[in-house]
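Below: work12.tsv (TSV, C-alpha atoms)
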chain	number	residue	atom	x	y	z
A	22	GLY	CA	80.70	73.60	-6.06
A	23	PHE	CA	77.73	71.31	-6.77
A	24	ALA	CA	76.78	72.44	-10.27
A	25	ASP	CA	75.45	70.15	-13.01
A	26	HIS	CA	77.74	71.79	-15.61
A	27	VAL	CA	81.23	73.30	-15.56
A	28	LEU	CA	83.04	75.48	-18.10
A	29	VAL	CA	86.73	74.68	-18.68
A	30	PRO	CA	89.20	77.01	-20.43
A	31	HIS	CA	90.89	74.39	-22.63
A	32	PRO	CA	90.25	70.85	-23.96
A	33	ARG	CA	93.48	69.66	-22.30
A	34	TYR	CA	91.56	69.56	-19.03
A	35	LEU	CA	89.14	66.96	-20.40
A	36	PHE	CA	89.83	63.21	-20.29
A	37	ASP	CA	88.11	60.42	-22.15
A	38	TYR	CA	86.73	57.86	-19.71
A	39	GLY	CA	85.78	55.36	-22.43
A	40	VAL	CA	83.37	52.65	-21.29
A	41	LEU	CA	83.85	53.38	-17.59
A	42	ALA	CA	80.76	54.19	-15.56
A	43	GLN	CA	80.50	57.92	-14.89
A	44	GLU	CA	80.18	57.19	-11.17
A	45	GLN	CA	83.62	55.57	-11.16
A	46	ALA	CA	85.28	57.84	-13.71
A	47	CYS	CA	84.54	61.03	-11.81
A	48	THR	CA	86.37	59.76	-8.72
A	49	TYR	CA	89.65	59.53	-10.65
A	50	ALA	CA	89.81	63.32	-11.07
A	51	CYS	CA	89.68	63.74	-7.29
A	52	SER	CA	90.74	60.98	-4.94
A	53	GLY	CA	92.26	58.91	-7.74
A	54	LEU	CA	94.67	61.59	-8.93
A	55	THR	CA	95.55	62.61	-5.36
A	56	ALA	CA	96.37	59.02	-4.41
A	57	TRP	CA	98.33	58.32	-7.61
A	58	ALA	CA	100.55	61.39	-7.18
A	59	ALA	CA	101.27	60.45	-3.55
A	60	LEU	CA	102.15	56.87	-4.48
A	61	LYS	CA	104.58	58.02	-7.17
A	62	LYS	CA	106.46	60.04	-4.54
A	63	CYS	CA	107.19	56.74	-2.75
A	64	ALA	CA	108.94	55.17	-5.75
A	65	PRO	CA	110.99	53.17	-6.12
A	66	LEU	CA	110.22	50.38	-3.67
A	67	ARG	CA	112.34	47.25	-3.69
A	68	PRO	CA	111.07	43.67	-3.27
A	69	GLY	CA	110.23	43.11	0.38
A	70	ASP	CA	109.71	46.82	1.12
A	71	THR	CA	106.59	47.70	3.10
A	72	LEU	CA	104.21	50.49	2.13
A	73	LEU	CA	102.01	51.81	4.95
A	74	ILE	CA	98.80	53.63	4.06
A	75	ILE	CA	97.16	55.57	6.87
A	76	GLY	CA	93.42	56.05	6.46
A	77	ALA	CA	90.88	53.99	4.52
A	78	GLY	CA	88.49	56.73	3.51
A	79	GLY	CA	87.77	57.57	-0.12
A	80	VAL	CA	91.28	58.83	-0.89
A	81	GLY	CA	93.01	56.17	1.18
A	82	LEU	CA	91.07	53.39	-0.53
A	83	SER	CA	92.09	54.83	-3.90
A	84	GLY	CA	95.69	54.60	-2.75
A	85	VAL	CA	95.25	50.99	-1.68
A	86	ARG	CA	93.76	49.90	-4.98
A	87	MET	CA	96.41	51.77	-7.00
A	88	ALA	CA	99.42	50.59	-4.99
A	89	ALA	CA	100.00	47.42	-7.01
A	90	SER	CA	99.98	49.31	-10.32
A	91	ALA	CA	102.07	52.24	-9.08
A	92	LEU	CA	104.59	50.44	-6.87
A	93	GLY	CA	104.07	46.70	-7.27
A	94	VAL	CA	103.15	46.16	-3.60
A	95	GLN	CA	100.17	45.29	-1.41
A	96	PRO	CA	100.13	47.93	1.33
A	97	VAL	CA	99.50	47.60	5.03
A	98	VAL	CA	96.58	49.83	6.03
A	99	ALA	CA	96.34	51.65	9.36
A	100	GLU	CA	92.71	52.54	10.12
A	101	ILE	CA	91.03	53.07	13.49
A	102	ASP	CA	87.57	52.25	12.10
A	103	HIS	CA	87.54	48.45	11.96
A	104	GLY	CA	84.37	48.66	9.87
A	105	LYS	CA	86.49	49.83	6.94
A	106	TRP	CA	88.95	46.96	7.09
A	107	ASP	CA	86.89	44.77	4.78
A	108	LEU	CA	86.89	47.54	2.14
A	109	ALA	CA	90.65	47.92	2.46
A	110	ARG	CA	91.24	44.20	2.02
A	111	GLU	CA	88.92	44.08	-0.99
A	112	ALA	CA	90.90	46.98	-2.48
A	113	GLY	CA	94.15	45.04	-2.15
A	114	ALA	CA	95.50	45.59	1.37
A	115	ALA	CA	97.81	42.85	2.62
A	116	HIS	CA	96.97	43.56	6.24
A	117	CYS	CA	95.05	46.04	8.39
A	118	LEU	CA	95.93	47.36	11.82
A	119	ASP	CA	94.58	49.81	14.37
A	120	PRO	CA	97.23	52.52	14.90
A	121	THR	CA	95.93	53.10	18.45
A	122	ASP	CA	96.64	49.46	19.34
A	123	ALA	CA	100.20	49.40	20.71
A	124	THR	CA	100.39	45.61	20.37
A	125	ALA	CA	99.42	45.72	16.70
A	126	THR	CA	101.92	48.49	16.00
A	127	LYS	CA	104.70	46.60	17.77
A	128	ALA	CA	103.89	43.47	15.77
A	129	PHE	CA	103.96	45.48	12.54
A	130	MET	CA	107.37	46.96	13.32
A	131	LYS	CA	108.78	43.57	14.28
A	132	ALA	CA	107.47	41.85	11.16
A	133	SER	CA	108.40	44.57	8.66
A	134	GLY	CA	111.31	46.35	10.28
A	135	GLY	CA	109.35	49.54	9.66
A	136	ALA	CA	107.80	50.98	6.53
A	137	ALA	CA	109.98	51.96	3.59
A	138	ALA	CA	107.28	54.53	2.82
A	139	ALA	CA	104.13	55.72	4.57
A	140	ILE	CA	101.35	57.85	3.15
A	141	ASP	CA	99.17	59.76	5.60
A	142	PHE	CA	95.81	60.32	3.92
A	143	VAL	CA	94.36	61.77	7.14
A	144	GLY	CA	96.81	64.49	8.06
A	145	ALA	CA	95.95	64.74	11.75
A	146	ALA	CA	98.55	65.23	14.44
A	147	ALA	CA	98.19	61.64	15.67
A	148	THR	CA	98.36	60.06	12.20
A	149	PHE	CA	101.37	62.14	11.17
A	150	SER	CA	103.20	61.14	14.34
A	151	PHE	CA	102.28	57.48	13.85
A	152	GLY	CA	103.47	57.50	10.24
A	153	LEU	CA	106.79	59.10	11.16
A	154	GLN	CA	107.42	56.63	13.98
A	155	ALA	CA	106.48	53.67	11.78
A	156	LEU	CA	109.24	54.41	9.22
A	157	ARG	CA	112.39	52.34	9.04
A	158	LYS	CA	115.74	54.07	8.72
A	159	GLY	CA	115.84	55.90	5.39
A	160	GLY	CA	112.05	55.77	5.03
A	161	LYS	CA	109.80	58.43	3.55
A	162	LEU	CA	106.57	59.92	4.93
A	163	VAL	CA	104.20	61.50	2.40
A	164	CYS	CA	101.56	63.70	4.01
A	165	VAL	CA	98.37	64.19	1.97
A	166	GLY	CA	95.50	64.71	4.42
A	167	LEU	CA	94.43	68.15	5.59
A	168	PHE	CA	92.73	67.28	8.89
A	169	GLY	CA	95.11	69.62	10.71
A	170	GLY	CA	96.88	69.80	14.03
A	171	VAL	CA	100.38	70.21	15.41
A	172	THR	CA	102.91	67.45	16.07
A	173	PRO	CA	106.25	67.94	17.84
A	174	VAL	CA	109.18	66.47	15.93
A	175	MET	CA	112.55	65.72	17.50
A	176	THR	CA	114.72	67.30	14.83
A	177	ALA	CA	117.84	65.33	15.80
A	178	THR	CA	116.09	62.08	14.89
A	179	LEU	CA	115.63	63.16	11.26
A	180	PRO	CA	119.31	63.03	10.26
A	181	LEU	CA	120.00	60.07	12.56
A	182	ARG	CA	117.22	58.05	10.96
A	183	ALA	CA	117.77	59.59	7.51
A	184	VAL	CA	114.02	59.89	6.98
A	185	THR	CA	112.28	62.13	4.46
A	186	ILE	CA	109.05	64.07	5.03
A	187	THR	CA	107.23	65.50	2.03
A	188	GLY	CA	103.79	66.77	1.17
A	189	SER	CA	101.58	65.89	-1.79
A	190	TYR	CA	98.58	67.84	-3.04
A	191	VAL	CA	96.36	66.48	-5.85
A	192	GLY	CA	98.56	65.96	-8.97
A	193	SER	CA	99.47	67.09	-12.47
A	194	LEU	CA	97.70	66.83	-15.83
A	195	ALA	CA	100.27	64.24	-16.92
A	196	GLU	CA	99.51	62.15	-13.84
A	197	MET	CA	95.79	62.47	-14.52
A	198	ALA	CA	96.38	61.08	-18.01
A	199	GLU	CA	98.25	58.13	-16.47
A	200	VAL	CA	95.38	57.41	-14.09
A	201	MET	CA	92.75	57.51	-16.83
A	202	ALA	CA	94.81	55.29	-19.13
A	203	LEU	CA	95.16	52.73	-16.35
A	204	ALA	CA	91.46	52.92	-15.50
A	205	ARG	CA	90.34	52.51	-19.12
A	206	GLN	CA	92.50	49.40	-19.38
A	207	GLY	CA	90.72	47.88	-16.40
A	208	GLY	CA	93.78	48.10	-14.20
A	209	LEU	CA	92.02	49.41	-11.10
A	210	PRO	CA	89.61	47.62	-8.73
A	211	ALA	CA	86.30	49.44	-8.44
A	212	LEU	CA	85.98	51.98	-5.65
A	213	PRO	CA	82.85	51.54	-3.49
A	214	VAL	CA	80.47	54.26	-4.69
A	215	ASN	CA	77.09	55.32	-3.37
A	216	THR	CA	75.09	57.56	-5.73
A	217	ARG	CA	72.55	60.11	-4.49
A	218	PRO	CA	70.50	62.83	-6.21
A	219	LEU	CA	72.11	66.26	-6.28
A	220	ALA	CA	69.17	67.53	-4.23
A	221	ASP	CA	70.40	65.36	-1.34
A	222	VAL	CA	73.68	67.25	-1.09
A	223	ASN	CA	73.12	68.41	2.50
A	224	ASP	CA	72.22	64.92	3.70
A	225	ALA	CA	75.27	63.53	1.89
A	226	LEU	CA	77.58	66.07	3.55
A	227	GLN	CA	76.11	65.27	6.96
A	228	ALA	CA	76.73	61.56	6.36
A	229	LEU	CA	80.32	62.42	5.45
A	230	ARG	CA	80.81	64.47	8.63
A	231	SER	CA	79.44	61.69	10.81
A	232	GLY	CA	81.70	59.05	9.26
A	233	GLN	CA	78.89	57.07	7.61
A	234	VAL	CA	80.34	57.13	4.08
A	235	ARG	CA	82.15	53.98	2.94
A	236	GLY	CA	84.21	54.78	-0.14
A	237	ARG	CA	82.74	57.69	-2.09
A	238	THR	CA	79.34	59.36	-2.43
A	239	VAL	CA	78.63	60.68	-5.93
A	240	LEU	CA	75.90	63.28	-6.47
A	241	LYS	CA	74.00	63.00	-9.75
A	242	PRO	CA	71.95	65.84	-11.31
Represent the structure of the file as structure tokens.
Amino acid sequence: GFADHVLVPHPRYLFDYGVLAQEQACTYACSGLTAWAALKKCAPLRPGDTLLIIGAGGVGLSGVRMAASALGVQPVVAEIDHGKWDLAREAGAAHCLDPTDATATKAFMKASGGAAAAIDFVGAAATFSFGLQALRKGGKLVCVGLFGGVTPVMTATLPLRAVTITGSYVGSLAEMAEVMALARQGGLPALPVNTRPLADVNDALQALRSGQVRGRTVLKP
């Protein structure tokens, strides 16, 4: 998984990244594509609709910085690590909140009336439950993260609230082409990237496990 070369079966899997830095371009084929595909599942949003993005890690930040291009909105970001709030705002977030803070959640619901769409880039039991509860009537929850867990859902509330729950996993070749075209045109804010030598892979993974990575770490041969 950490090779310096890869063999692909067909040129259709290759995308021109133009004048983009390799360190930025490579993130589009991972977190960028995943975020873009999830955002498209939230369309269309009307003026005044609120998009809630849960998680400001590498994939979540990609979603924040792509939200304006994909949906024409500045999202609200729910992130328990306040140290990532500055990154989220720099990426284009309109507001940040701590989902474990009942006061902040109540204020969000009062101000917005609930999210028209929420994307859970964490995928834990608590984040899934928060995203579902934060929806307005007729809202949609898109689950992307694979953290895992089990959340009880009161099935009767689904038809009464007319909410939709869907999953999203990476994206298609056509969506990858859309992402790269947008990136080459300069339509995406830069994702915070820390580069390290490929030989440091174990240290990089440990930093990821311990929550020390802000944005993305890119390993270079």
Legend entry - Residue nearest Ser52 of chain A - candidates A:Arg110, A:Lys131, A:Arg86, A:Arg182, atoms counted: all atoms listed in the file: A:Arg86
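Near Ile101 of chain A, within 12 Å and counting only C-alpha atoms, sit Ile75, Gly76, Ala77, Gly78, Trp106, Cys117, Leu118, Asp119, Pro120, Thr121, Asp122, Ala125, Val143, Ala147, Thr148 and Gly232 of chain A, not including residues fewer than 5 positions from it in the same chain.
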Could those residues be written to a file, using C-alpha atoms, as a CSV table (one decimal), in the frame of the given file?
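Just written: selection-v2.csv:
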chain,number,residue,atom,x,y,z
A,75,ILE,CA,97.2,55.6,6.9
A,76,GLY,CA,93.4,56.0,6.5
A,77,ALA,CA,90.9,54.0,4.5
A,78,GLY,CA,88.5,56.7,3.5
A,106,TRP,CA,89.0,47.0,7.1
A,117,CYS,CA,95.0,46.0,8.4
A,118,LEU,CA,95.9,47.4,11.8
A,119,ASP,CA,94.6,49.8,14.4
A,120,PRO,CA,97.2,52.5,14.9
A,121,THR,CA,95.9,53.1,18.4
A,122,ASP,CA,96.6,49.5,19.3
A,125,ALA,CA,99.4,45.7,16.7
A,143,VAL,CA,94.4,61.8,7.1
A,147,ALA,CA,98.2,61.6,15.7
A,148,THR,CA,98.4,60.1,12.2
A,232,GLY,CA,81.7,59.0,9.3
Legend entry - Nearest residue to Ala109 of chain A from the set A:Leu82, A:Ala42, A:Ala132, A:Leu153 (distances using all atoms listed in the file): A:Leu82
Edge lengths and centre in Å to one decimal, as lines of an AutoDock Vina configuration file, of the axis-aligned box that encloses all listed atoms of segment 178-193 of chain A with 3 Å added on every side?
center_x = 108.2
center_y = 62.9
center_z = 1.2
size_x = 29.6
size_y = 15.8
size_z = 33.4
Legend entry - Pick from A:Thr185, A:Asn215, A:Thr172, A:Thr71 nearest to Ser133 of chain A, counting all atoms listed in the file: A:Thr71
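For the pair atom CA of Gly93 of chain A and atom CA of Gly69 of chain A, the interatomic distance is 10.5 Å.
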Mind running segment 175-213 of chain A against segment 24-39 of chain A at 12 Å and telling me each contacting residue's nearest atom pair with the distance in Å (one decimal), counting only C-alpha atoms, chain and number ascending, as CSV?
residue,atom,partner,partner_atom,distance
A:Ser193,CA,A:Tyr34,CA,10.6
A:Leu194,CA,A:Tyr34,CA,7.4
A:Ala195,CA,A:Arg33,CA,10.2
A:Glu196,CA,A:Phe36,CA,11.7
A:Met197,CA,A:Phe36,CA,8.3
A:Ala198,CA,A:Phe36,CA,7.3
A:Glu199,CA,A:Phe36,CA,10.5
A:Val200,CA,A:Phe36,CA,10.1
A:Met201,CA,A:Tyr38,CA,6.7
A:Ala202,CA,A:Tyr38,CA,8.5
A:Leu203,CA,A:Tyr38,CA,10.4
A:Ala204,CA,A:Tyr38,CA,8.0
A:Arg205,CA,A:Gly39,CA,6.3
A:Gln206,CA,A:Gly39,CA,9.5
A:Gly207,CA,A:Gly39,CA,10.8
What are the nearest atom pairs, with distances in Å to one decimal, for all residues of segment 186-226 of chain A that come at most 12 Å from segment 167-171 of chain A, using all atoms listed in the file, set out by chain and rising residue number as CSV?
residue,atom,partner,partner_atom,distance
A:Gly188,CA,A:Leu167,CA,10.4
A:Ser189,CA,A:Leu167,CA,10.5
A:Tyr190,CA,A:Leu167,CA,9.6
A:Val191,CA,A:Leu167,CA,11.7
Would you save the residues from that selection as an mmCIF file, keeping the file's coordinate frame, using C-alpha atoms?
data_model
loop_
_atom_site.group_PDB
_atom_site.id
_atom_site.type_symbol
_atom_site.label_atom_id
_atom_site.label_comp_id
_atom_site.auth_asym_id
_atom_site.auth_seq_id
_atom_site.Cartn_x
_atom_site.Cartn_y
_atom_site.Cartn_z
ATOM 1 C CA GLY A 188 103.790 66.770 1.170
ATOM 2 C CA SER A 189 101.580 65.890 -1.790
ATOM 3 C CA TYR A 190 98.580 67.840 -3.040
ATOM 4 C CA VAL A 191 96.360 66.480 -5.850
#
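Shell of Gly160 of chain A at 7 Å, with all atoms listed in the file counted and residues fewer than 3 places along the chain excluded, is Ala136, Ala137, Ala138, Leu156, Arg157, Val184 and Thr185 of chain A.
Nearest-residue note for Glu44 of chain A: choosing from A:Ala183, A:Val239, A:Ala228, A:Val222, the minimum distance belongs to A:Val239, counting only C-alpha atoms.
With atom CA of Lys161 of chain A on one side and atom CA of Lys62 of chain A on the other, the separation reads 8.9 Å.
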